[in-house]
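Below is one structure, written out as structure tokens; the observations come after it.
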Amino acid sequence: MRKPPFRELRDKLRELAKGDYRKFLQVFRGSIREAQKLNQRRMVVLCGDDDLKLSGLSAELVIRYLKLVARKRRKEDKKVKILYFFHDEFPEALLRAKIVRKVLKHFIKSADLDNVELELAVYEKSIKYLGTTVQVLVLDLLNDLRPNDIGRLLGIVEGGGIIILLTPPHDRWPRYLTLFKQSLAVPNHPEPRHIFISWFLRHLYSHGGIVIYDVGSCRIIKEGSSSEKEVVTSPVRKELKLPQKKLFPEELYRLAMTQDQVNVIEAIEDNMVERFKDVSRQVVVIVADRGRGKSSAVGIGIVGLIEELLKFKNRVRIAVTANEPSSVQSLMTLAIKALETLGKNFRVIKREGFIIEVKGDRFSIEYWPPLEVLKLNVDVVVVDEAAGIPVPLLHKIWWKFRRTIFSTTIHGYEGAGRGFSVRFLKRIRGDKKTRLAIIEMSEPIRYSADDPIEKFQFDVLLLNAEPAELTSDDLEAIKRGEYTYVAFDPEELFKAENEEILRQIFGIYVLAHYRNEPDDLGMLADAPHHSIRAMVLKSGKVVAAAQLAEEGGLSDEYIDELLRGGKIAGNIIPDRLLKHLRRRVFGRGVGWRIVRIAVHIDSQGMGIGSAFMRKIVEEAINRGYDWVGAGFGVTYELLNFWLKNGFKVMHISPDRNPVSGEYTALVIYPLSDEWKKAVYEAFEDFIVKFVECLPVVYRDFESDAAYLILSSVDRPLTASEDINIKETQIDRLSLYISGVFTLEVVFDVALLLLKKLVFLGRLSSLEQKDGQLLIARILQGKPWENMSEEFSMGRVTVANAVRSALAKAFKILESSISPH
């Protein structure tokens, strides 16, 4: 990379001193003063294609910001942190970064600003900065605009701070083939759509607090002043009211920045310290939009909890879990600060730069992945960003541990809407043996509640998207089946006039799938093989939505590559079917993978989902597709939905997802005659493989889900012809059924009998409870103690239940068994 051409840079900056430049600097200065006064952020967008002008002017703006605020902050013993993000794989991006760094370092040194910190970072590490706080953020977007980066990074800037975006010329930017767009291209759809950047630009121009300046024409394109509607006078932050009677040290409460944080700490004190006699479980749930300091408040609160529990326990272990270690860094950081405040001795253990344990002589705060937490013996479990973890796993955590704290984002980067509360809390509220406290937080910790940049971020990424409110008339219309199947054109859907419909669609996804990332919105806009379908009422309200991805139609070369174990972008179902079922037809056929399908949370159980599925299948047939399929984490409810709609399970992952704790299933609905034949043949291969793998690979597979899969065999498989049971074996089995022998004496016969029952397609003749008992004990080989726990029966009772179930299975097959 060439050295920064500073002489040429000076010439370029002189060129800027014309047109609106002086006025622009005045607008910038006014914006900063306004932001400081109102505890809000401001954004400046510099657009153009001259690298020297962009980097030079961005450095100039940071210098002018420092001149306004740096010395004042030094008197207050506060730092000014500058964070610059870029893509280091591009030489021109490296050049821009080097120019900014050299200019700013020279100024910082010459001005003797020892409280200013400058850091350059690459976007691949952006998740690492969640939970940090900076005053200046510069985002070089000239090579890429990834929605996740915007979602992660804008929120880390505090009130009074500035965000600078470097972008290409706005008339050409929407057509740029960015890194994100390139990642969305697939072999049969090599050209992505160009929608998201236009959407992003429209929101830049329509929101307050944002100044846009063209460095090429030296022209102010947009002034972001307080005259715009989004920017209003911010109230003064109220003095904190600490609880009068408290167990936790007052120094901990003094670490809180808002009254909401005080309330969280108090809730942990009130509900976690005492061991309440009339309950078995004590739960605190904290819900908030992003940037409200919920994780930090929990970090402070658990230190107070440790302090109290150590008064009557020799050692205290607290497990903290989340999808990724990065999600718990705010919690860990504030826990460390709280421990330091109390003068505690401890050491910090890090892995790959992330804090994973804070360890003292008699206490520890430890990060564990969600699935591993269930194996621990700890005093308290804290689940951070709980909405990113499947509800069944959350319920297991709640059920196992006496003290649990669940924290989650409602609107924001990891937001889940109100779906988390509806799904997760319903069961907990209904348990009389659980003491439940719910705390809602609303006040931001870094900036004022009416910050215009937060409004921009939430609107452009649909972070606060919610479905439409359904009235009684709407619900009656649903009962009468008065809804229409609509195929949306993404180009039209992302236009201003259709934004409300898009918000409804995305809101339904958020509620159904708990954690949606901003990248999902970008994929919806720009992935060329993705399309959107919905069920819409006459009132215009969306009651169901689906995201579909066209896959397949692969060339022989691509098929050979996949059969050898290679990977091809955007073809998840052909990839898995080819690898595991080894039939070339699974690569040639074209179909829809249902990426997401969801029904409005207030209209579930009313038949919309199945009606919607029928419409999708009908359209796929009309398009000449070979199949419709889906992949999902296995739960009984989800599996039942797909099977009752005519789909066949074709593959189950050999391992559980380390985050969700679920196995992944692939299901297929064959449409063409070629695929119906291939799926029927491959389905038999899968069933035989699944049965043979149950005692080892799938020994911990949920028996109710296994029953659904095995009872979906609806015709005899050829594998049933290979199972012959001898007369002597039948005699032994009869003695077991009559109570003479134990199961262990006839286990070989019981195994053959059950396999025969499955392969003949007769498992569904058994009641589900009987089928589950036989699958768990005989096909999975679970010990009696595990059986007792799983089915909530004593050992003798569960053994008798298995005996009775096997007797019923024998009776079903008695006429079809051919003794030899």
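Chain labels A, B, ... are given in the sequence in which chains occur in the structure tokens; within each chain residues are numbered consecutively from 1, and ligands are likewise numbered from 1 in the order shown.
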
Taking the DSSP secondary structure from the backbone, can you list the residues of region 608-707 of chain A that are helix (DSSP H, G or I), as a PyMOL selection string? chain A and resi 608-622+636-644+673-693+703-707

Non-local contacts of Ser327 (chain A) (9 Å; only C-alpha atoms; under 2 positions in same chain excluded) as an MDAnalysis selection string: chainID A and resid 127:128 130:131 295 321:325 329:331 384:385

Saved selection, atoms kept: all heavy atoms, as a short mmCIF file (atom, residue, chain, number, x, y, z; two decimals), in the first residue's frame:
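And here is the file that came out, part28.cif:
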data_model
loop_
_atom_site.label_atom_id
_atom_site.label_comp_id
_atom_site.auth_asym_id
_atom_site.auth_seq_id
_atom_site.Cartn_x
_atom_site.Cartn_y
_atom_site.Cartn_z
N ILE A 127 -18.93 -7.21 16.28
CA ILE A 127 -19.71 -7.76 17.38
C ILE A 127 -18.99 -7.60 18.72
O ILE A 127 -19.61 -7.52 19.77
CB ILE A 127 -20.05 -9.25 17.13
CG1 ILE A 127 -21.17 -9.71 18.07
CG2 ILE A 127 -18.82 -10.14 17.27
CD1 ILE A 127 -21.75 -11.05 17.70
N LYS A 128 -17.67 -7.51 18.65
CA LYS A 128 -16.86 -7.36 19.86
C LYS A 128 -17.15 -6.03 20.57
O LYS A 128 -16.94 -5.90 21.78
CB LYS A 128 -15.37 -7.42 19.46
CG LYS A 128 -14.38 -7.12 20.55
CD LYS A 128 -12.96 -7.11 19.98
CE LYS A 128 -11.96 -6.55 20.98
NZ LYS A 128 -10.60 -6.42 20.41
N LEU A 130 -20.14 -4.48 20.85
CA LEU A 130 -21.45 -4.36 21.47
C LEU A 130 -21.28 -4.12 22.96
O LEU A 130 -20.54 -4.83 23.64
CB LEU A 130 -22.27 -5.64 21.25
CG LEU A 130 -23.06 -5.75 19.95
CD1 LEU A 130 -23.65 -7.13 19.82
CD2 LEU A 130 -24.14 -4.70 19.88
N GLY A 131 -21.95 -3.11 23.47
CA GLY A 131 -21.86 -2.84 24.91
C GLY A 131 -20.79 -1.84 25.28
O GLY A 131 -20.75 -1.37 26.42
N SER A 295 -28.22 -5.38 30.87
CA SER A 295 -27.14 -6.32 31.19
C SER A 295 -26.21 -5.74 32.25
O SER A 295 -25.76 -6.45 33.15
CB SER A 295 -26.35 -6.66 29.92
OG SER A 295 -27.17 -7.28 28.97
N THR A 321 -25.28 -17.18 30.74
CA THR A 321 -25.33 -17.81 29.42
C THR A 321 -25.98 -16.88 28.41
O THR A 321 -26.81 -16.03 28.75
CB THR A 321 -26.10 -19.15 29.48
OG1 THR A 321 -25.96 -19.82 28.23
CG2 THR A 321 -27.57 -18.95 29.78
N ALA A 322 -25.58 -17.05 27.15
CA ALA A 322 -26.14 -16.32 26.01
C ALA A 322 -25.66 -17.05 24.77
O ALA A 322 -24.84 -17.97 24.85
CB ALA A 322 -25.67 -14.87 26.00
N ASN A 323 -26.17 -16.64 23.61
CA ASN A 323 -25.76 -17.30 22.36
C ASN A 323 -24.26 -17.25 22.15
O ASN A 323 -23.65 -18.20 21.68
CB ASN A 323 -26.45 -16.63 21.17
CG ASN A 323 -27.86 -17.17 20.98
OD1 ASN A 323 -28.16 -18.27 21.39
ND2 ASN A 323 -28.70 -16.38 20.35
N GLU A 324 -23.65 -16.11 22.48
CA GLU A 324 -22.22 -15.90 22.26
C GLU A 324 -21.61 -15.21 23.47
O GLU A 324 -22.29 -14.43 24.14
CB GLU A 324 -21.98 -15.02 21.02
CG GLU A 324 -22.52 -15.58 19.71
CD GLU A 324 -21.72 -16.77 19.20
OE1 GLU A 324 -20.57 -16.96 19.68
OE2 GLU A 324 -22.23 -17.50 18.34
N PRO A 325 -20.32 -15.45 23.74
CA PRO A 325 -19.67 -14.72 24.84
C PRO A 325 -19.74 -13.21 24.67
O PRO A 325 -19.80 -12.48 25.65
CB PRO A 325 -18.21 -15.21 24.77
CG PRO A 325 -18.27 -16.52 24.07
CD PRO A 325 -19.42 -16.42 23.11
N GLN A 329 -20.61 -9.39 27.62
CA GLN A 329 -19.47 -8.57 28.02
C GLN A 329 -19.87 -7.36 28.86
O GLN A 329 -19.17 -6.96 29.77
CB GLN A 329 -18.67 -8.15 26.79
CG GLN A 329 -18.01 -9.32 26.05
CD GLN A 329 -17.20 -10.23 26.96
OE1 GLN A 329 -16.16 -9.83 27.50
NE2 GLN A 329 -17.66 -11.46 27.16
N SER A 330 -21.01 -6.73 28.53
CA SER A 330 -21.48 -5.61 29.35
C SER A 330 -21.73 -6.07 30.77
O SER A 330 -21.36 -5.38 31.74
CB SER A 330 -22.75 -5.00 28.75
OG SER A 330 -22.48 -4.42 27.51
N LEU A 331 -22.39 -7.21 30.91
CA LEU A 331 -22.66 -7.76 32.23
C LEU A 331 -21.37 -8.02 33.00
O LEU A 331 -21.23 -7.62 34.16
CB LEU A 331 -23.48 -9.05 32.08
CG LEU A 331 -23.99 -9.74 33.36
CD1 LEU A 331 -25.27 -10.52 33.05
CD2 LEU A 331 -22.96 -10.68 33.96
N ASP A 384 -28.72 -14.02 29.44
CA ASP A 384 -28.70 -12.72 28.78
C ASP A 384 -29.13 -12.89 27.33
O ASP A 384 -28.79 -13.88 26.69
CB ASP A 384 -27.29 -12.11 28.85
CG ASP A 384 -27.31 -10.58 28.84
OD1 ASP A 384 -28.40 -10.03 28.66
OD2 ASP A 384 -26.26 -9.97 29.02
N GLU A 385 -29.86 -11.92 26.80
CA GLU A 385 -30.47 -12.01 25.47
C GLU A 385 -31.23 -13.33 25.33
O GLU A 385 -31.03 -14.13 24.41
CB GLU A 385 -29.42 -11.85 24.37
CG GLU A 385 -28.78 -10.48 24.33
CD GLU A 385 -29.81 -9.33 24.23
OE1 GLU A 385 -30.97 -9.59 23.85
OE2 GLU A 385 -29.43 -8.19 24.53
#

Give me the residues near Ile212 (chain A) as a PDB file with all heavy atoms, in the first residue's frame, where near means some atom within 9 Å (using only C-alpha atoms) and where sequence neighbours in that chain fewer than 6 positions away do not count.
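That gives us result-v2.pdb:
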ATOM      1  N   MET A  43     -25.462  12.776  13.210  1.00  0.00           N
ATOM      2  CA  MET A  43     -24.801  12.009  12.156  1.00  0.00           C
ATOM      3  C   MET A  43     -24.453  12.927  10.991  1.00  0.00           C
ATOM      4  O   MET A  43     -25.251  13.792  10.617  1.00  0.00           O
ATOM      5  CB  MET A  43     -25.713  10.874  11.670  1.00  0.00           C
ATOM      6  CG  MET A  43     -25.099  10.003  10.564  1.00  0.00           C
ATOM      7  SD  MET A  43     -26.269   8.759   9.938  1.00  0.00           S
ATOM      8  CE  MET A  43     -26.361   7.648  11.333  1.00  0.00           C
ATOM      9  N   VAL A  44     -23.255  12.733  10.446  1.00  0.00           N
ATOM     10  CA  VAL A  44     -22.830  13.444   9.241  1.00  0.00           C
ATOM     11  C   VAL A  44     -22.502  12.394   8.180  1.00  0.00           C
ATOM     12  O   VAL A  44     -21.732  11.461   8.426  1.00  0.00           O
ATOM     13  CB  VAL A  44     -21.588  14.321   9.506  1.00  0.00           C
ATOM     14  CG1 VAL A  44     -21.111  14.954   8.207  1.00  0.00           C
ATOM     15  CG2 VAL A  44     -21.905  15.385  10.534  1.00  0.00           C
ATOM     16  N   VAL A  45     -23.086  12.554   7.013  1.00  0.00           N
ATOM     17  CA  VAL A  45     -22.834  11.646   5.900  1.00  0.00           C
ATOM     18  C   VAL A  45     -22.018  12.395   4.852  1.00  0.00           C
ATOM     19  O   VAL A  45     -22.455  13.433   4.337  1.00  0.00           O
ATOM     20  CB  VAL A  45     -24.147  11.139   5.282  1.00  0.00           C
ATOM     21  CG1 VAL A  45     -23.856  10.148   4.152  1.00  0.00           C
ATOM     22  CG2 VAL A  45     -25.036  10.496   6.350  1.00  0.00           C
ATOM     23  N   LEU A  46     -20.828  11.898   4.563  1.00  0.00           N
ATOM     24  CA  LEU A  46     -19.973  12.469   3.521  1.00  0.00           C
ATOM     25  C   LEU A  46     -20.034  11.546   2.315  1.00  0.00           C
ATOM     26  O   LEU A  46     -19.664  10.369   2.410  1.00  0.00           O
ATOM     27  CB  LEU A  46     -18.527  12.600   4.007  1.00  0.00           C
ATOM     28  CG  LEU A  46     -18.300  13.410   5.294  1.00  0.00           C
ATOM     29  CD1 LEU A  46     -16.820  13.428   5.652  1.00  0.00           C
ATOM     30  CD2 LEU A  46     -18.837  14.842   5.133  1.00  0.00           C
ATOM     31  N   CYS A  47     -20.497  12.043   1.183  1.00  0.00           N
ATOM     32  CA  CYS A  47     -20.591  11.191  -0.005  1.00  0.00           C
ATOM     33  C   CYS A  47     -19.680  11.716  -1.103  1.00  0.00           C
ATOM     34  O   CYS A  47     -19.438  12.924  -1.223  1.00  0.00           O
ATOM     35  CB  CYS A  47     -22.034  11.097  -0.487  1.00  0.00           C
ATOM     36  SG  CYS A  47     -22.766  12.649  -1.035  1.00  0.00           S
ATOM     37  N   LEU A 204     -32.068   7.999   5.467  1.00  0.00           N
ATOM     38  CA  LEU A 204     -31.082   9.039   5.790  1.00  0.00           C
ATOM     39  C   LEU A 204     -31.641  10.419   5.475  1.00  0.00           C
ATOM     40  O   LEU A 204     -31.459  11.373   6.236  1.00  0.00           O
ATOM     41  CB  LEU A 204     -29.783   8.826   4.996  1.00  0.00           C
ATOM     42  CG  LEU A 204     -28.793   7.771   5.477  1.00  0.00           C
ATOM     43  CD1 LEU A 204     -27.619   7.676   4.505  1.00  0.00           C
ATOM     44  CD2 LEU A 204     -28.284   8.079   6.879  1.00  0.00           C
ATOM     45  N   TYR A 205     -32.341  10.514   4.350  1.00  0.00           N
ATOM     46  CA  TYR A 205     -32.846  11.811   3.915  1.00  0.00           C
ATOM     47  C   TYR A 205     -34.108  12.238   4.661  1.00  0.00           C
ATOM     48  O   TYR A 205     -34.417  13.423   4.720  1.00  0.00           O
ATOM     49  CB  TYR A 205     -33.116  11.796   2.407  1.00  0.00           C
ATOM     50  CG  TYR A 205     -31.864  11.970   1.575  1.00  0.00           C
ATOM     51  CD1 TYR A 205     -31.040  10.893   1.268  1.00  0.00           C
ATOM     52  CD2 TYR A 205     -31.496  13.227   1.110  1.00  0.00           C
ATOM     53  CE1 TYR A 205     -29.889  11.046   0.519  1.00  0.00           C
ATOM     54  CE2 TYR A 205     -30.346  13.395   0.346  1.00  0.00           C
ATOM     55  CZ  TYR A 205     -29.540  12.303   0.059  1.00  0.00           C
ATOM     56  OH  TYR A 205     -28.395  12.467  -0.677  1.00  0.00           O
ATOM     57  N   ARG A 219     -21.289  20.630  -1.688  1.00  0.00           N
ATOM     58  CA  ARG A 219     -22.652  21.104  -1.527  1.00  0.00           C
ATOM     59  C   ARG A 219     -23.328  20.384  -0.369  1.00  0.00           C
ATOM     60  O   ARG A 219     -23.171  19.166  -0.202  1.00  0.00           O
ATOM     61  CB  ARG A 219     -23.419  20.868  -2.829  1.00  0.00           C
ATOM     62  CG  ARG A 219     -24.831  21.435  -2.874  1.00  0.00           C
ATOM     63  CD  ARG A 219     -25.366  21.372  -4.302  1.00  0.00           C
ATOM     64  NE  ARG A 219     -25.345  20.002  -4.812  1.00  0.00           N
ATOM     65  CZ  ARG A 219     -26.374  19.152  -4.681  1.00  0.00           C
ATOM     66  NH1 ARG A 219     -27.473  19.528  -4.057  1.00  0.00           N
ATOM     67  NH2 ARG A 219     -26.295  17.944  -5.197  1.00  0.00           N
ATOM     68  N   ILE A 220     -24.048  21.134   0.449  1.00  0.00           N
ATOM     69  CA  ILE A 220     -24.868  20.523   1.494  1.00  0.00           C
ATOM     70  C   ILE A 220     -26.131  19.973   0.830  1.00  0.00           C
ATOM     71  O   ILE A 220     -26.896  20.716   0.227  1.00  0.00           O
ATOM     72  CB  ILE A 220     -25.264  21.540   2.588  1.00  0.00           C
ATOM     73  CG1 ILE A 220     -24.023  22.089   3.297  1.00  0.00           C
ATOM     74  CG2 ILE A 220     -26.199  20.888   3.602  1.00  0.00           C
ATOM     75  CD1 ILE A 220     -24.336  23.207   4.289  1.00  0.00           C
ATOM     76  N   ILE A 221     -26.329  18.675   0.923  1.00  0.00           N
ATOM     77  CA  ILE A 221     -27.517  18.053   0.335  1.00  0.00           C
ATOM     78  C   ILE A 221     -28.673  18.079   1.326  1.00  0.00           C
ATOM     79  O   ILE A 221     -29.825  18.209   0.938  1.00  0.00           O
ATOM     80  CB  ILE A 221     -27.212  16.600  -0.087  1.00  0.00           C
ATOM     81  CG1 ILE A 221     -26.050  16.576  -1.085  1.00  0.00           C
ATOM     82  CG2 ILE A 221     -28.433  15.936  -0.686  1.00  0.00           C
ATOM     83  CD1 ILE A 221     -25.632  15.185  -1.496  1.00  0.00           C
ATOM     84  N   LYS A 222     -28.341  17.961   2.616  1.00  0.00           N
ATOM     85  CA  LYS A 222     -29.388  17.947   3.641  1.00  0.00           C
ATOM     86  C   LYS A 222     -28.822  18.490   4.943  1.00  0.00           C
ATOM     87  O   LYS A 222     -27.738  18.090   5.366  1.00  0.00           O
ATOM     88  CB  LYS A 222     -29.911  16.519   3.862  1.00  0.00           C
ATOM     89  CG  LYS A 222     -30.897  16.363   5.025  1.00  0.00           C
ATOM     90  CD  LYS A 222     -31.367  14.918   5.139  1.00  0.00           C
ATOM     91  CE  LYS A 222     -32.314  14.727   6.300  1.00  0.00           C
ATOM     92  NZ  LYS A 222     -31.645  14.751   7.593  1.00  0.00           N
ATOM     93  N   GLU A 223     -29.560  19.387   5.561  1.00  0.00           N
ATOM     94  CA  GLU A 223     -29.202  19.871   6.890  1.00  0.00           C
ATOM     95  C   GLU A 223     -30.043  19.127   7.917  1.00  0.00           C
ATOM     96  O   GLU A 223     -31.244  18.993   7.748  1.00  0.00           O
ATOM     97  CB  GLU A 223     -29.470  21.376   7.015  1.00  0.00           C
ATOM     98  CG  GLU A 223     -28.558  22.242   6.178  1.00  0.00           C
ATOM     99  CD  GLU A 223     -28.777  23.719   6.458  1.00  0.00           C
ATOM    100  OE1 GLU A 223     -29.070  24.063   7.620  1.00  0.00           O
ATOM    101  OE2 GLU A 223     -28.662  24.518   5.512  1.00  0.00           O
ATOM    102  N   GLY A 224     -29.399  18.651   8.986  1.00  0.00           N
ATOM    103  CA  GLY A 224     -30.136  17.961  10.041  1.00  0.00           C
ATOM    104  C   GLY A 224     -30.184  18.830  11.263  1.00  0.00           C
ATOM    105  O   GLY A 224     -29.305  18.766  12.115  1.00  0.00           O
TER     106      GLY A 224
END

Could you go through region 246-403 of chain A and tell me which residues DSSP, when run on the backbone, assigns to strand (DSSP E or B), listing them as number ranges by chain? A: 281-288, 316-321, 347-351, 354-359, 363-368, 380-384, 403

So how many Å separate CA of Gln604 (chain A) and CA of Asp489 (chain A), to one decimal?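 Rounded to one decimal, the two atoms are 25.9 Å apart.
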
Among the residues A:Val80, A:Val510, A:Ile730, A:Ala35, the one that comes closest to Ser448 (chain A) [using only C-alpha atoms]: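 Result for the nearest residue to Ser448 (chain A): A:Ala35.
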
Contact residues around Leu666 (chain A) with only C-alpha atoms at 12 Å, ignoring same-chain residues under 5 positions, as a PyMOL selection string: chain A and resi 572-577+580+593-595+628-634+638-639+642-643+647-653+683+686+709

Selection export as a CSV table (one decimal), in the first residue's frame, atoms kept: N, CA, C and O atoms:
chain,number,residue,atom,x,y,z
A,572,ILE,N,-29.3,-25.0,0.4
A,572,ILE,CA,-29.2,-25.8,1.6
A,572,ILE,C,-29.8,-27.2,1.5
A,572,ILE,O,-29.3,-28.2,1.8
A,573,ILE,N,-31.0,-27.2,0.9
A,573,ILE,CA,-31.7,-28.5,0.8
A,573,ILE,C,-31.1,-29.4,-0.2
A,573,ILE,O,-30.8,-30.6,0.1
A,574,PRO,N,-30.8,-29.0,-1.5
A,574,PRO,CA,-30.0,-29.9,-2.4
A,574,PRO,C,-28.7,-30.3,-1.8
A,574,PRO,O,-28.3,-31.5,-1.9
A,575,ASP,N,-28.0,-29.5,-1.1
A,575,ASP,CA,-26.7,-29.8,-0.4
A,575,ASP,C,-26.9,-31.0,0.5
A,575,ASP,O,-26.2,-32.0,0.4
A,576,ARG,N,-27.8,-30.9,1.5
A,576,ARG,CA,-28.0,-31.9,2.5
A,576,ARG,C,-28.6,-33.2,1.9
A,576,ARG,O,-28.1,-34.3,2.2
A,577,LEU,N,-29.5,-33.1,1.0
A,577,LEU,CA,-30.1,-34.3,0.4
A,577,LEU,C,-29.1,-35.1,-0.5
A,577,LEU,O,-29.0,-36.3,-0.4
A,580,HIS,N,-26.4,-36.7,2.0
A,580,HIS,CA,-26.9,-37.8,2.9
A,580,HIS,C,-27.7,-38.9,2.2
A,580,HIS,O,-27.8,-40.0,2.7
A,593,ARG,N,-37.3,-23.5,-0.8
A,593,ARG,CA,-37.1,-23.7,0.6
A,593,ARG,C,-37.8,-22.6,1.4
A,593,ARG,O,-37.6,-21.5,1.1
A,594,ILE,N,-38.7,-23.1,2.3
A,594,ILE,CA,-39.4,-22.1,3.1
A,594,ILE,C,-38.4,-21.6,4.2
A,594,ILE,O,-38.2,-22.4,5.2
A,595,VAL,N,-37.9,-20.5,4.0
A,595,VAL,CA,-36.9,-19.9,5.0
A,595,VAL,C,-37.6,-19.6,6.3
A,595,VAL,O,-37.1,-20.0,7.4
A,628,VAL,N,-41.2,-28.6,-2.5
A,628,VAL,CA,-41.2,-27.5,-1.5
A,628,VAL,C,-40.6,-28.1,-0.2
A,628,VAL,O,-40.9,-29.3,0.1
A,629,GLY,N,-39.7,-27.4,0.5
A,629,GLY,CA,-39.1,-28.0,1.6
A,629,GLY,C,-38.8,-26.9,2.7
A,629,GLY,O,-39.0,-25.7,2.5
A,630,ALA,N,-38.2,-27.4,3.8
A,630,ALA,CA,-37.9,-26.5,4.9
A,630,ALA,C,-36.9,-27.2,5.8
A,630,ALA,O,-36.8,-28.4,5.8
A,631,GLY,N,-36.2,-26.4,6.6
A,631,GLY,CA,-35.3,-26.9,7.6
A,631,GLY,C,-35.6,-26.1,8.9
A,631,GLY,O,-35.9,-24.9,8.9
A,632,PHE,N,-35.6,-26.8,10.0
A,632,PHE,CA,-35.9,-26.1,11.3
A,632,PHE,C,-35.4,-26.9,12.5
A,632,PHE,O,-35.1,-28.1,12.4
A,633,GLY,N,-35.4,-26.3,13.6
A,633,GLY,CA,-35.0,-26.9,14.9
A,633,GLY,C,-36.1,-27.8,15.4
A,633,GLY,O,-37.3,-27.3,15.4
A,634,VAL,N,-35.9,-29.0,15.7
A,634,VAL,CA,-36.9,-30.0,16.0
A,634,VAL,C,-37.6,-29.7,17.4
A,634,VAL,O,-36.9,-29.7,18.4
A,638,LEU,N,-43.5,-27.9,16.1
A,638,LEU,CA,-43.1,-27.6,14.7
A,638,LEU,C,-43.1,-28.9,13.8
A,638,LEU,O,-43.6,-28.8,12.7
A,639,LEU,N,-42.6,-30.0,14.3
A,639,LEU,CA,-42.6,-31.2,13.5
A,639,LEU,C,-44.0,-31.6,13.2
A,639,LEU,O,-44.3,-32.0,12.1
A,642,TRP,N,-45.5,-29.6,10.2
A,642,TRP,CA,-45.0,-29.9,8.9
A,642,TRP,C,-45.5,-31.3,8.5
A,642,TRP,O,-45.9,-31.5,7.3
A,643,LEU,N,-45.6,-32.3,9.4
A,643,LEU,CA,-46.0,-33.6,9.0
A,643,LEU,C,-47.5,-33.6,8.7
A,643,LEU,O,-48.0,-34.2,7.7
A,647,PHE,N,-45.6,-33.0,4.6
A,647,PHE,CA,-44.2,-33.1,4.4
A,647,PHE,C,-43.6,-34.4,5.0
A,647,PHE,O,-44.1,-34.9,5.9
A,648,LYS,N,-42.5,-34.8,4.4
A,648,LYS,CA,-41.8,-36.0,4.9
A,648,LYS,C,-40.4,-35.5,5.4
A,648,LYS,O,-39.7,-34.8,4.8
A,649,VAL,N,-40.0,-36.1,6.6
A,649,VAL,CA,-38.7,-35.8,7.1
A,649,VAL,C,-37.7,-36.6,6.3
A,649,VAL,O,-37.9,-37.9,6.1
A,650,MET,N,-36.7,-36.0,5.8
A,650,MET,CA,-35.7,-36.6,5.0
A,650,MET,C,-34.3,-36.7,5.6
A,650,MET,O,-33.4,-37.4,5.2
A,651,HIS,N,-34.1,-35.8,6.7
A,651,HIS,CA,-32.8,-35.8,7.3
A,651,HIS,C,-32.9,-35.2,8.7
A,651,HIS,O,-33.6,-34.2,8.9
A,652,ILE,N,-32.1,-35.7,9.6
A,652,ILE,CA,-32.0,-35.1,10.9
A,652,ILE,C,-30.5,-35.0,11.2
A,652,ILE,O,-29.7,-35.9,11.0
A,653,SER,N,-30.1,-33.8,11.6
A,653,SER,CA,-28.6,-33.6,11.9
A,653,SER,C,-28.1,-34.6,13.0
A,653,SER,O,-28.9,-34.9,13.9
A,683,PHE,N,-36.9,-41.7,1.5
A,683,PHE,CA,-37.5,-41.7,2.8
A,683,PHE,C,-37.3,-43.0,3.5
A,683,PHE,O,-37.1,-43.1,4.7
A,686,PHE,N,-33.9,-43.0,4.9
A,686,PHE,CA,-33.8,-42.2,6.1
A,686,PHE,C,-34.4,-42.9,7.3
A,686,PHE,O,-33.8,-42.9,8.4
A,709,ILE,N,-42.0,-38.9,13.8
A,709,ILE,CA,-41.3,-39.2,12.6
A,709,ILE,C,-41.5,-40.7,12.2
A,709,ILE,O,-41.9,-40.9,11.0

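Nearest-residue note for Val186 (chain A): choosing from A:Pro243, A:Pro528, A:Pro467, A:Pro452, the minimum distance belongs to A:Pro528, counting only C-alpha atoms.
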
Please list as a PDB file with C-alpha atoms, in the first residue's frame every residue within 9 Å of Ala620 (chain A), counting only C-alpha atoms and excluding residues in the same chain fewer than 5 positions away.
ATOM      1  CA  GLY A 591     -37.983 -25.948  -5.592  1.00  0.00           C
ATOM      2  CA  TRP A 592     -38.728 -23.542  -2.790  1.00  0.00           C
ATOM      3  CA  LYS A 615     -51.350 -21.865  -1.290  1.00  0.00           C
ATOM      4  CA  TYR A 625     -41.253 -26.748  -9.336  1.00  0.00           C
ATOM      5  CA  ASP A 626     -40.246 -30.232  -8.208  1.00  0.00           C
ATOM      6  CA  TRP A 627     -40.490 -29.719  -4.465  1.00  0.00           C
ATOM      7  CA  VAL A 628     -41.179 -27.496  -1.485  1.00  0.00           C
ATOM      8  CA  LEU A 671     -44.413 -32.179  -6.428  1.00  0.00           C
TER       9      LEU A 671
END

Got a sec: who's within 9 Å of region 104-118 of chain A, counting only C-alpha atoms, leaving out chain neighbours fewer than 3 positions off, as a PyMOL selection string? chain A and resi 59-60+62-63+66+70-71+73-74+77-84+99-101

Could you name the residues that touch Asn314 (chain A) at 9 Å or less, counting only C-alpha atoms, but leaving out those on the same chain fewer than 3 positions away, as a list of chain:residue names? A:Leu309, A:Leu310, A:Lys311, A:Arg362, A:Phe363
